[in-house]
Each structure stands twice: as structure tokens, then as C-alpha cells.
file entry_0.cif (mmCIF, C-alpha atoms)
data_model
#
loop_
_atom_site.group_PDB
_atom_site.id
_atom_site.type_symbol
_atom_site.label_atom_id
_atom_site.label_comp_id
_atom_site.auth_asym_id
_atom_site.auth_seq_id
_atom_site.Cartn_x
_atom_site.Cartn_y
_atom_site.Cartn_z
ATOM 1 C CA MET A 134 21.019 -8.579 11.503
ATOM 2 C CA HIS A 135 17.713 -8.135 9.751
ATOM 3 C CA PHE A 136 16.609 -9.336 6.344
ATOM 4 C CA ARG A 137 14.179 -8.058 3.737
ATOM 5 C CA ILE A 138 12.834 -10.363 1.057
ATOM 6 C CA LEU A 139 9.482 -8.686 0.263
ATOM 7 C CA GLY A 140 11.037 -7.010 -2.734
ATOM 8 C CA PRO A 141 14.760 -7.112 -3.589
ATOM 9 C CA LEU A 142 16.903 -9.019 -1.077
ATOM 10 C CA GLU A 143 18.424 -6.726 1.558
ATOM 11 C CA VAL A 144 20.577 -7.449 4.598
ATOM 12 C CA ILE A 145 20.769 -4.853 7.389
ATOM 13 C CA ALA A 146 23.405 -4.988 10.138
ATOM 14 C CA GLY A 147 23.930 -2.234 12.679
ATOM 15 C CA GLY A 148 21.374 -0.101 10.853
ATOM 16 C CA ARG A 149 23.396 -0.234 7.640
ATOM 17 C CA PRO A 150 22.954 -2.330 4.479
ATOM 18 C CA VAL A 151 25.359 -5.219 4.050
ATOM 19 C CA THR A 152 25.763 -6.507 0.526
ATOM 20 C CA PRO A 153 26.036 -10.266 0.021
ATOM 21 C CA GLY A 154 28.347 -11.393 -2.766
ATOM 22 C CA GLY A 155 27.375 -12.649 -6.210
ATOM 23 C CA ILE A 156 24.010 -13.768 -7.462
ATOM 24 C CA ARG A 157 24.468 -17.401 -6.356
ATOM 25 C CA GLN A 158 25.289 -16.405 -2.798
ATOM 26 C CA ARG A 159 22.278 -14.097 -2.717
ATOM 27 C CA SER A 160 20.061 -16.835 -4.128
ATOM 28 C CA VAL A 161 21.097 -19.337 -1.460
ATOM 29 C CA LEU A 162 20.443 -16.765 1.273
ATOM 30 C CA GLY A 163 17.072 -15.821 -0.196
ATOM 31 C CA LEU A 164 15.952 -19.445 -0.371
ATOM 32 C CA LEU A 165 17.033 -20.153 3.210
ATOM 33 C CA LEU A 166 15.161 -17.055 4.408
ATOM 34 C CA LEU A 167 11.955 -18.384 2.891
ATOM 35 C CA GLN A 168 12.043 -21.265 5.381
ATOM 36 C CA PRO A 169 14.179 -20.269 8.386
ATOM 37 C CA ASN A 170 14.825 -22.773 11.173
ATOM 38 C CA ARG A 171 14.068 -25.609 8.764
ATOM 39 C CA VAL A 172 16.483 -27.769 6.804
ATOM 40 C CA MET A 173 16.663 -26.863 3.132
ATOM 41 C CA PRO A 174 18.007 -29.865 1.175
ATOM 42 C CA THR A 175 20.883 -29.141 -1.161
ATOM 43 C CA SER A 176 18.898 -30.724 -3.988
ATOM 44 C CA ARG A 177 16.140 -28.127 -3.567
ATOM 45 C CA LEU A 178 18.638 -25.281 -3.540
ATOM 46 C CA VAL A 179 20.119 -26.605 -6.762
ATOM 47 C CA SER A 180 16.777 -27.098 -8.514
ATOM 48 C CA ALA A 181 15.583 -23.606 -7.528
ATOM 49 C CA MET A 182 18.771 -21.933 -8.719
ATOM 50 C CA TRP A 183 18.981 -23.917 -11.968
ATOM 51 C CA PRO A 184 15.368 -24.771 -12.906
ATOM 52 C CA ASP A 185 16.388 -26.321 -16.223
ATOM 53 C CA VAL A 186 19.633 -28.308 -16.182
ATOM 54 C CA PRO A 187 22.089 -27.654 -13.319
ATOM 55 C CA PRO A 188 25.790 -27.591 -14.208
ATOM 56 C CA PRO A 189 28.079 -30.344 -12.875
ATOM 57 C CA SER A 190 29.532 -27.811 -10.432
ATOM 58 C CA ALA A 191 26.134 -26.904 -8.935
ATOM 59 C CA ARG A 192 26.650 -28.503 -5.514
ATOM 60 C CA LYS A 193 30.127 -27.023 -5.258
ATOM 61 C CA VAL A 194 28.712 -23.585 -6.037
ATOM 62 C CA VAL A 195 26.166 -24.033 -3.232
ATOM 63 C CA GLN A 196 28.900 -25.111 -0.802
ATOM 64 C CA ASN A 197 31.028 -22.085 -1.681
ATOM 65 C CA SER A 198 28.004 -19.813 -1.247
ATOM 66 C CA ILE A 199 27.342 -21.273 2.205
ATOM 67 C CA TRP A 200 30.941 -20.624 3.214
ATOM 68 C CA ALA A 201 30.713 -17.003 2.032
ATOM 69 C CA LEU A 202 27.393 -16.502 3.804
ATOM 70 C CA ARG A 203 28.810 -17.748 7.089
ATOM 71 C CA ARG A 204 31.535 -15.146 6.824
ATOM 72 C CA LEU A 205 28.925 -12.478 6.009
ATOM 73 C CA ILE A 206 26.858 -13.444 9.053
ATOM 74 C CA VAL A 207 29.901 -13.265 11.348
ATOM 75 C CA GLU A 208 30.903 -9.871 9.969
ATOM 76 C CA GLY A 209 27.330 -8.614 10.182
ATOM 77 C CA GLY A 210 27.113 -9.714 13.805
ATOM 78 C CA ARG A 211 30.299 -7.799 14.612
ATOM 79 C CA LEU A 212 28.955 -4.717 12.866
ATOM 80 C CA ALA A 213 25.712 -4.903 14.866
ATOM 81 C CA ASP A 214 27.653 -5.382 18.113
ATOM 82 C CA GLY A 215 29.853 -2.408 17.296
ATOM 83 C CA CYS A 216 26.830 -0.242 16.593
ATOM 84 C CA GLN A 217 25.221 -1.231 19.896
ATOM 85 C CA ALA A 218 28.442 -0.516 21.769
ATOM 86 C CA ALA A 219 28.752 2.913 20.149
ATOM 87 C CA GLU A 220 25.193 3.709 21.177
ATOM 88 C CA GLY A 221 25.719 2.333 24.672
ATOM 89 C CA SER A 222 23.102 -0.373 24.103
ATOM 90 C CA PRO A 223 24.009 -3.973 24.896
ATOM 91 C CA GLY A 224 21.026 -5.358 22.979
ATOM 92 C CA ARG A 225 18.474 -7.727 24.393
ATOM 93 C CA PRO A 226 19.838 -10.200 26.948
ATOM 94 C CA GLY A 227 20.022 -13.654 25.498
ATOM 95 C CA GLU A 228 19.133 -12.421 22.011
ATOM 96 C CA PRO A 229 19.625 -15.359 19.621
ATOM 97 C CA ARG A 230 22.309 -15.048 16.992
ATOM 98 C CA VAL A 231 21.901 -15.737 13.315
ATOM 99 C CA ARG A 232 23.535 -19.076 12.561
ATOM 100 C CA LEU A 233 23.929 -21.038 9.346
ATOM 101 C CA LEU A 234 24.238 -24.744 10.111
ATOM 102 C CA THR A 235 25.017 -27.800 8.039
ATOM 103 C CA LYS A 236 22.176 -30.249 8.624
ATOM 104 C CA PRO A 237 21.991 -33.279 6.320
ATOM 105 C CA PRO A 238 20.655 -33.378 3.689
ATOM 106 C CA GLY A 239 21.305 -29.640 3.424
ATOM 107 C CA TYR A 240 21.522 -26.456 5.456
ATOM 108 C CA MET A 241 19.469 -24.527 8.022
ATOM 109 C CA LEU A 242 19.425 -20.814 8.779
ATOM 110 C CA CYS A 243 18.642 -20.363 12.491
ATOM 111 C CA LEU A 244 17.317 -16.994 13.619
ATOM 112 C CA ASP A 245 14.485 -15.172 15.330
ATOM 113 C CA THR A 246 11.890 -15.031 12.543
ATOM 114 C CA ASP A 247 11.022 -11.432 13.464
ATOM 115 C CA ARG A 248 14.347 -10.531 11.839
ATOM 116 C CA VAL A 249 12.765 -11.332 8.449
ATOM 117 C CA ASP A 250 10.167 -8.946 7.014
ATOM 118 C CA MET A 251 8.165 -11.827 5.518
ATOM 119 C CA HIS A 252 7.550 -13.347 8.929
ATOM 120 C CA ARG A 253 6.667 -9.990 10.486
ATOM 121 C CA PHE A 254 4.190 -9.622 7.630
ATOM 122 C CA GLN A 255 2.636 -13.016 8.379
ATOM 123 C CA ARG A 256 2.338 -12.230 12.085
ATOM 124 C CA LEU A 257 0.626 -8.893 11.402
ATOM 125 C CA VAL A 258 -1.770 -10.480 8.917
ATOM 126 C CA GLU A 259 -2.774 -13.122 11.443
ATOM 127 C CA GLN A 260 -3.383 -10.412 14.057
ATOM 128 C CA GLY A 261 -5.441 -8.477 11.507
ATOM 129 C CA ARG A 262 -7.534 -11.525 10.675
ATOM 130 C CA THR A 263 -8.166 -12.116 14.375
ATOM 131 C CA ALA A 264 -9.277 -8.507 14.850
ATOM 132 C CA LEU A 265 -11.571 -8.740 11.837
ATOM 133 C CA SER A 266 -13.219 -11.962 12.963
ATOM 134 C CA GLY A 267 -13.527 -10.450 16.439
ATOM 135 C CA GLY A 268 -15.586 -7.550 15.128
ATOM 136 C CA ASP A 269 -12.916 -4.820 15.181
ATOM 137 C CA PRO A 270 -12.449 -3.796 11.520
ATOM 138 C CA GLU A 271 -10.689 -0.537 12.455
ATOM 139 C CA GLN A 272 -7.897 -2.407 14.249
ATOM 140 C CA ALA A 273 -7.833 -4.979 11.456
ATOM 141 C CA THR A 274 -7.364 -2.216 8.882
ATOM 142 C CA ARG A 275 -4.407 -0.737 10.747
ATOM 143 C CA LEU A 276 -2.676 -4.089 11.219
ATOM 144 C CA LEU A 277 -3.230 -5.227 7.651
ATOM 145 C CA ARG A 278 -2.088 -1.904 6.193
ATOM 146 C CA THR A 279 1.096 -2.075 8.268
ATOM 147 C CA ALA A 280 1.685 -5.598 6.991
ATOM 148 C CA LEU A 281 1.102 -4.679 3.349
ATOM 149 C CA ASP A 282 3.408 -1.644 3.600
ATOM 150 C CA LEU A 283 6.314 -4.033 4.229
ATOM 151 C CA TRP A 284 6.162 -5.058 0.568
ATOM 152 C CA GLN A 285 8.607 -3.235 -1.703
ATOM 153 C CA GLY A 286 7.934 -5.306 -4.816
ATOM 154 C CA PRO A 287 7.593 -8.981 -5.782
ATOM 155 C CA VAL A 288 9.255 -11.339 -3.299
ATOM 156 C CA LEU A 289 13.014 -11.606 -3.966
ATOM 157 C CA ALA A 290 12.427 -9.529 -7.080
ATOM 158 C CA ASP A 291 16.091 -9.183 -8.033
ATOM 159 C CA LEU A 292 16.729 -12.912 -7.758
ATOM 160 C CA VAL A 293 13.639 -13.922 -9.724
ATOM 161 C CA GLU A 294 14.957 -11.705 -12.519
ATOM 162 C CA SER A 295 18.086 -13.844 -12.581
ATOM 163 C CA GLY A 296 16.116 -17.076 -12.930
ATOM 164 C CA LEU A 297 15.444 -18.184 -9.349
ATOM 165 C CA ASP A 298 12.324 -20.356 -9.332
ATOM 166 C CA THR A 299 10.648 -22.307 -6.532
ATOM 167 C CA ALA A 300 7.116 -23.031 -5.325
ATOM 168 C CA GLU A 301 7.786 -21.125 -2.083
ATOM 169 C CA LEU A 302 8.078 -17.874 -4.045
ATOM 170 C CA THR A 303 4.597 -18.309 -5.490
ATOM 171 C CA ALA A 304 3.179 -19.226 -2.088
ATOM 172 C CA VAL A 305 4.583 -16.067 -0.470
ATOM 173 C CA GLN A 306 3.319 -13.890 -3.311
ATOM 174 C CA ASN A 307 -0.161 -15.376 -2.873
ATOM 175 C CA CYS A 308 -0.010 -14.412 0.811
ATOM 176 C CA GLU A 309 0.151 -10.749 -0.204
ATOM 177 C CA LEU A 310 -2.960 -11.131 -2.336
ATOM 178 C CA ALA A 311 -4.843 -12.879 0.476
ATOM 179 C CA ALA A 312 -3.823 -10.090 2.874
ATOM 180 C CA LEU A 313 -5.140 -7.508 0.415
ATOM 181 C CA GLU A 314 -8.484 -9.314 0.375
ATOM 182 C CA TYR A 315 -8.674 -9.190 4.179
ATOM 183 C CA TYR A 316 -7.708 -5.513 4.066
ATOM 184 C CA PHE A 317 -10.462 -4.724 1.559
ATOM 185 C CA GLU A 318 -12.943 -6.643 3.685
ATOM 186 C CA ALA A 319 -11.964 -4.609 6.747
ATOM 187 C CA GLN A 320 -12.231 -1.327 4.838
ATOM 188 C CA LEU A 321 -15.661 -2.250 3.518
ATOM 189 C CA ALA A 322 -16.757 -3.196 7.028
ATOM 190 C CA CYS A 323 -15.672 0.299 8.124
ATOM 191 C CA GLY A 324 -17.767 1.873 5.349
ATOM 192 C CA ARG A 325 -14.767 3.100 3.332
ATOM 193 C CA HIS A 326 -15.951 1.801 -0.032
ATOM 194 C CA LEU A 327 -15.051 5.015 -1.873
ATOM 195 C CA ALA A 328 -11.578 5.300 -0.337
ATOM 196 C CA VAL A 329 -10.665 1.717 -1.242
ATOM 197 C CA LEU A 330 -12.345 1.603 -4.666
ATOM 198 C CA GLY A 331 -9.332 2.591 -6.782
ATOM 199 C CA GLU A 332 -7.007 0.008 -5.228
ATOM 200 C CA LEU A 333 -9.753 -2.609 -5.409
ATOM 201 C CA GLU A 334 -10.345 -1.971 -9.115
ATOM 202 C CA THR A 335 -6.640 -2.287 -9.881
ATOM 203 C CA THR A 336 -6.196 -5.480 -7.863
ATOM 204 C CA ALA A 337 -9.368 -7.164 -9.106
ATOM 205 C CA GLY A 338 -8.516 -6.217 -12.676
ATOM 206 C CA SER A 339 -5.224 -8.091 -12.361
ATOM 207 C CA HIS A 340 -6.868 -11.173 -10.815
ATOM 208 C CA ILE A 341 -10.175 -11.515 -12.610
ATOM 209 C CA HIS A 342 -10.573 -15.181 -11.630
ATOM 210 C CA ARG A 343 -10.620 -14.516 -7.874
ATOM 211 C CA GLU A 344 -14.268 -14.463 -6.899
ATOM 212 C CA ARG A 345 -13.628 -12.936 -3.496
ATOM 213 C CA LEU A 346 -12.016 -9.857 -5.056
ATOM 214 C CA CYS A 347 -14.803 -9.710 -7.601
ATOM 215 C CA GLY A 348 -17.410 -9.719 -4.847
ATOM 216 C CA GLN A 349 -15.600 -7.029 -2.885
ATOM 217 C CA LEU A 350 -15.355 -4.807 -5.974
ATOM 218 C CA MET A 351 -19.029 -5.365 -6.795
ATOM 219 C CA LEU A 352 -20.022 -4.373 -3.268
ATOM 220 C CA ALA A 353 -17.826 -1.263 -3.292
ATOM 221 C CA LEU A 354 -19.177 -0.141 -6.669
ATOM 222 C CA TYR A 355 -22.750 -0.708 -5.556
ATOM 223 C CA ARG A 356 -22.242 1.334 -2.394
ATOM 224 C CA CYS A 357 -20.776 4.121 -4.541
ATOM 225 C CA GLY A 358 -24.026 4.239 -6.527
ATOM 226 C CA ARG A 359 -22.637 2.346 -9.528
ATOM 227 C CA GLN A 360 -25.036 -0.584 -9.751
ATOM 228 C CA ALA A 361 -24.535 -1.104 -13.499
ATOM 229 C CA ASP A 362 -20.749 -1.214 -13.094
ATOM 230 C CA ALA A 363 -21.065 -3.718 -10.255
ATOM 231 C CA LEU A 364 -23.128 -6.029 -12.452
ATOM 232 C CA ALA A 365 -20.640 -5.589 -15.303
ATOM 233 C CA VAL A 366 -17.881 -6.836 -13.013
ATOM 234 C CA TYR A 367 -19.943 -9.947 -12.319
ATOM 235 C CA ARG A 368 -20.414 -10.607 -16.042
ATOM 236 C CA ARG A 369 -16.710 -10.124 -16.718
ATOM 237 C CA THR A 370 -15.743 -12.576 -13.987
ATOM 238 C CA ARG A 371 -18.353 -15.088 -15.130
ATOM 239 C CA THR A 372 -16.995 -14.982 -18.677
ATOM 240 C CA ALA A 373 -13.403 -15.341 -17.460
ATOM 241 C CA LEU A 374 -14.271 -18.360 -15.311
ATOM 242 C CA ARG A 375 -16.154 -20.033 -18.151
ATOM 243 C CA ASP A 376 -13.429 -19.401 -20.725
ATOM 244 C CA ARG A 377 -10.496 -20.492 -18.569
ATOM 245 C CA TYR A 378 -11.928 -23.162 -16.273
ATOM 246 C CA GLY A 379 -15.315 -24.106 -17.663
ATOM 247 C CA LEU A 380 -16.870 -23.039 -14.334
ATOM 248 C CA GLU A 381 -19.804 -20.914 -13.279
ATOM 249 C CA PRO A 382 -19.404 -18.398 -10.428
ATOM 250 C CA GLY A 383 -19.884 -19.818 -6.947
ATOM 251 C CA HIS A 384 -23.070 -19.642 -4.908
ATOM 252 C CA GLU A 385 -21.956 -16.608 -2.866
ATOM 253 C CA LEU A 386 -21.166 -14.511 -5.936
ATOM 254 C CA ARG A 387 -24.474 -15.430 -7.609
ATOM 255 C CA ARG A 388 -26.333 -14.411 -4.447
ATOM 256 C CA LEU A 389 -24.498 -11.096 -4.421
ATOM 257 C CA GLU A 390 -25.476 -10.446 -8.026
ATOM 258 C CA MET A 391 -29.113 -11.127 -7.163
ATOM 259 C CA ALA A 392 -28.910 -8.878 -4.096
ATOM 260 C CA ILE A 393 -27.532 -6.043 -6.247
ATOM 261 C CA LEU A 394 -30.231 -6.560 -8.866
ATOM 262 C CA ASN A 395 -32.867 -6.377 -6.127
ATOM 263 C CA GLN A 396 -31.086 -3.487 -4.367
ATOM 264 C CA ASP A 397 -31.193 -5.445 -1.128
ATOM 265 C CA PRO A 398 -30.968 -2.969 1.806
ATOM 266 C CA VAL A 399 -28.447 -5.179 3.636
ATOM 267 C CA LEU A 400 -25.783 -4.250 1.077
ATOM 268 C CA SER A 401 -25.897 -0.602 2.121
ATOM 269 C CA LEU A 402 -24.955 -1.312 5.733
ATOM 270 C CA PRO A 403 -21.164 -0.770 6.028
ATOM 271 C CA SER A 404 -21.009 -2.342 9.473
ATOM 272 C CA THR A 405 -22.554 -5.579 8.211
ATOM 273 C CA ARG A 406 -20.098 -8.277 7.168
ATOM 274 C CA THR A 407 -22.119 -9.367 4.165
ATOM 275 C CA GLU A 408 -22.751 -13.060 3.774
ATOM 276 C CA PHE A 409 -22.849 -12.824 0.019
ATOM 277 C CA ALA A 410 -19.356 -12.437 -1.364
ATOM 278 C CA LEU A 411 -16.616 -11.537 1.060
ATOM 279 C CA LEU A 412 -15.781 -15.147 1.851
ATOM 280 C CA GLY A 413 -16.325 -16.505 -1.644
ATOM 281 C CA ARG A 414 -14.001 -19.014 -3.277
ATOM 282 C CA SER A 415 -10.921 -18.044 -5.232
ATOM 283 C CA VAL A 416 -9.871 -19.721 -8.432
ATOM 284 C CA ALA A 417 -6.217 -19.007 -9.169
#

call {"tool": "encode", "arguments": {"input": "entry_0.cif", "output": "C-alpha cells"}}
result
Amino acid sequence: MHFRILGPLEVIAGGRPVTPGGIRQRSVLGLLLLQPNRVMPTSRLVSAMWPDVPPPSARKVVQNSIWALRRLIVEGGRLADGCQAAEGSPGRPGEPRVRLLTKPPGYMLCLDTDRVDMHRFQRLVEQGRTALSGGDPEQATRLLRTALDLWQGPVLADLVESGLDTAELTAVQNCELAALEYYFEAQLACGRHLAVLGELETTAGSHIHRERLCGQLMLALYRCGRQADALAVYRRTRTALRDRYGLEPGHELRRLEMAILNQDPVLSLPSTRTEFALLGRSVA
């Protein structure tokens, strides 16, 4: 069985989608998939599923959902086994099964994390970061693009619509934004400022308080011959930081502005990982 949570929740068994039951069952599964191989206390499941006031039956609902999920996992395992048998493939020797265990004070979903798209995403991002820091932006771009293409919408999008709320959801969503910043950095290091400009403008426009994105957009605009637009981005970010946080832009972003004003030749070198803005702070 494989699971997708970078977008609506999906369960795949034997190459075919398997539909979990009602919204509560799906919510419990989604929450457990956020932290596989770790105990999720029942109290946290309850508070995430009912952020306001949980009903008296909340714990019973969770218990019933766990029971239904165990049955789903067993049936999904049989479906996968049947598919492998039909194809004449026994699967990997010793391949770990998906198991849902009761572990006080809650429950734990045990599985190979590569079965979950979120954890494949995290592994690819880490490999991309390593390639970037190792001076191979081309490889970094490929790895990071593959990671970002796993996203099909906001994490557990269908469950959030129904009211699911937990800090882990925000943390995962922020991981996508951080990966985008690494991807833009790799593209800029490859000299692809024009190719990445549209996506950069859209992303930076939605996160005007993130100085790193601001710096990347300023650099891309400058390399595209749009010095005035690059400086306008700086002013917009400075105003946003002042109005919302009472802060001035960080040292790196101020240095980048000055470099653009002075048309510093170092900014025109695509292979140079500029010291000015790409590793600037982010204010979220």
C-alpha cells in the first residue's frame, strides 16, 4: 500500500485506489501518516479533528475509526498481494507490512516511510540541498523539481476543508515553500533567471514577508534587465515588514539592494551563489 497526502488523501493498493470510509476515518489516517512510526496520542487526534469543542463521543469515534482502518489495511494488503501474484512478482523479500498498533497513550502507524509521498518529498529535498551545497545546481534542480511535482494541492486538502486542524499541517506546508526557495536558488545558479521568473513572481507575491524569496526575485529581475522592478520589489517588502512586524529588511537584503543600485558585476554571474540574498532570513 502507498499513501498520498500532498493534496487530497489517497490510498493505493495493488496499483488501484482504495477509498477509506467516512471523514473521521480519513482524518485519523491522515494524521497518523503525518508522523508514521511514532505514537500519536488519542488526545491529539481528538483536538485536531475537533479544534473547538469535541463531542462526548470523540474518543469512541477515534476507536471506531482505528478499527475500520485496520480492516482497510488488511484488505489493501490482500489486494496488493493478489496483484503481485497475478503479475508473477512476489514483491521484495522481507518487505515490511503496514501495521496499525495500539500504543498507549494512542496509536502508531508502522510502515516504510517511502510508502508516503510526503516522506519521499522530504528525502528528495534533502538530496537536492546536498547537491546544491556541493556545487551541482543542475542535479539539485532535477531533484527539487521531482520533489515539488509530488504536490497535488495543499496537504490533506480534502480533510482541511472539513475542519481538520493541527500544527503538523502547517509545518508540512512550509516545507513545500522552503523547497521552492531551494529550487529557485538552484535555477538561478544555473543561469535560468528568465525561465523561473514567472513562478518566482507568483510565489513571492503570495509571501511578501519572506526575505529570501524577495531577494531571489530581485536577482532574477535584475538579470532580466529590469533593475527598476527589482528595486520596487525591495520597497514593497520593506513596507510589508514595517507594517506587519515593525522590522527593517535584514542585512543580506539591504546589501542586495545596494548591489543592484551600483550594478555590481557579481550579480550578473549565474554560476556565482550570491552572498547577498539567497540565504536571507524569512519572516512568516

call {"tool": "closest_residue", "arguments": {"input": "entry_0.cif", "among": "A:Thr279, A:Gln306, A:Thr246, A:Thr175", "to": "Arg230 of chain A", "atoms": "only C-alpha atoms"}}
result
A:Thr246

call {"tool": "atom_distance", "arguments": {"input": "entry_0.cif", "atom1": "atom CA of Leu289 of chain A", "atom2": "atom CA of Leu139 of chain A"}}
result
6.2 Å

call {"tool": "atom_distance", "arguments": {"input": "entry_0.cif", "atom1": "atom CA of Val399 of chain A", "atom2": "atom CA of His342 of chain A"}}
result
25.5 Å

call {"tool": "axis_aligned_box", "arguments": {"input": "entry_0.cif", "around": "segment 274-285 of chain A", "padding_each_side": "8 Å", "output": "JSON"}}
result
{"center_x": 0.6, "center_y": -3.2, "center_z": 4.8, "size_x": 32.0, "size_y": 20.9, "size_z": 28.9}

call {"tool": "residues_around", "arguments": {"input": "entry_0.cif", "residues": "Ile138 of chain A", "least_positions_apart": "3", "cutoff": "7 Å", "atoms": "all atoms listed in the file", "output": "list in words"}}
result
Pro141, Leu142, Glu143, Asp250, Met251, Val288 and Leu289 of chain A

call {"tool": "atom_distance", "arguments": {"input": "entry_0.cif", "atom1": "atom CA of Leu277 of chain A", "atom2": "atom CA of Leu310 of chain A"}}
result
11.6 Å

call {"tool": "resolve_selection", "arguments": {"input": "entry_0.cif", "expression": "the PyMOL selection byres ((chain A and resi 178-189) around 12)", "output": "JSON, numbers by chain"}}
result
{"A": [156, 157, 158, 159, 160, 161, 162, 163, 164, 165, 166, 167, 168, 172, 173, 174, 175, 176, 177, 190, 191, 192, 193, 194, 195, 196, 198, 199, 238, 239, 240, 241, 292, 293, 294, 295, 296, 297, 298, 299, 300, 301, 302]}

call {"tool": "resolve_selection", "arguments": {"input": "entry_0.cif", "expression": "the PyMOL selection byres ((chain A and resi 370) around 8)", "output": "list of chain:residue names"}}
result
A:Ile341, A:His342, A:Glu344, A:Cys347, A:Val366, A:Tyr367, A:Arg368, A:Arg369, A:Arg371, A:Thr372, A:Ala373, A:Leu374, A:Pro382

call {"tool": "closest_residue", "arguments": {"input": "entry_0.cif", "among": "A:Arg275, A:Arg253, A:Arg232, A:Arg262", "to": "Tyr315 of chain A", "atoms": "all atoms listed in the file"}}
result
A:Arg262

call {"tool": "residues_around", "arguments": {"input": "entry_0.cif", "residues": "Gln349 of chain A", "least_positions_apart": "5", "cutoff": "9 Å", "atoms": "all atoms listed in the file", "output": "ChimeraX atom specification"}}
result
/A:314,317-318,321,333,337,344,354,410-411
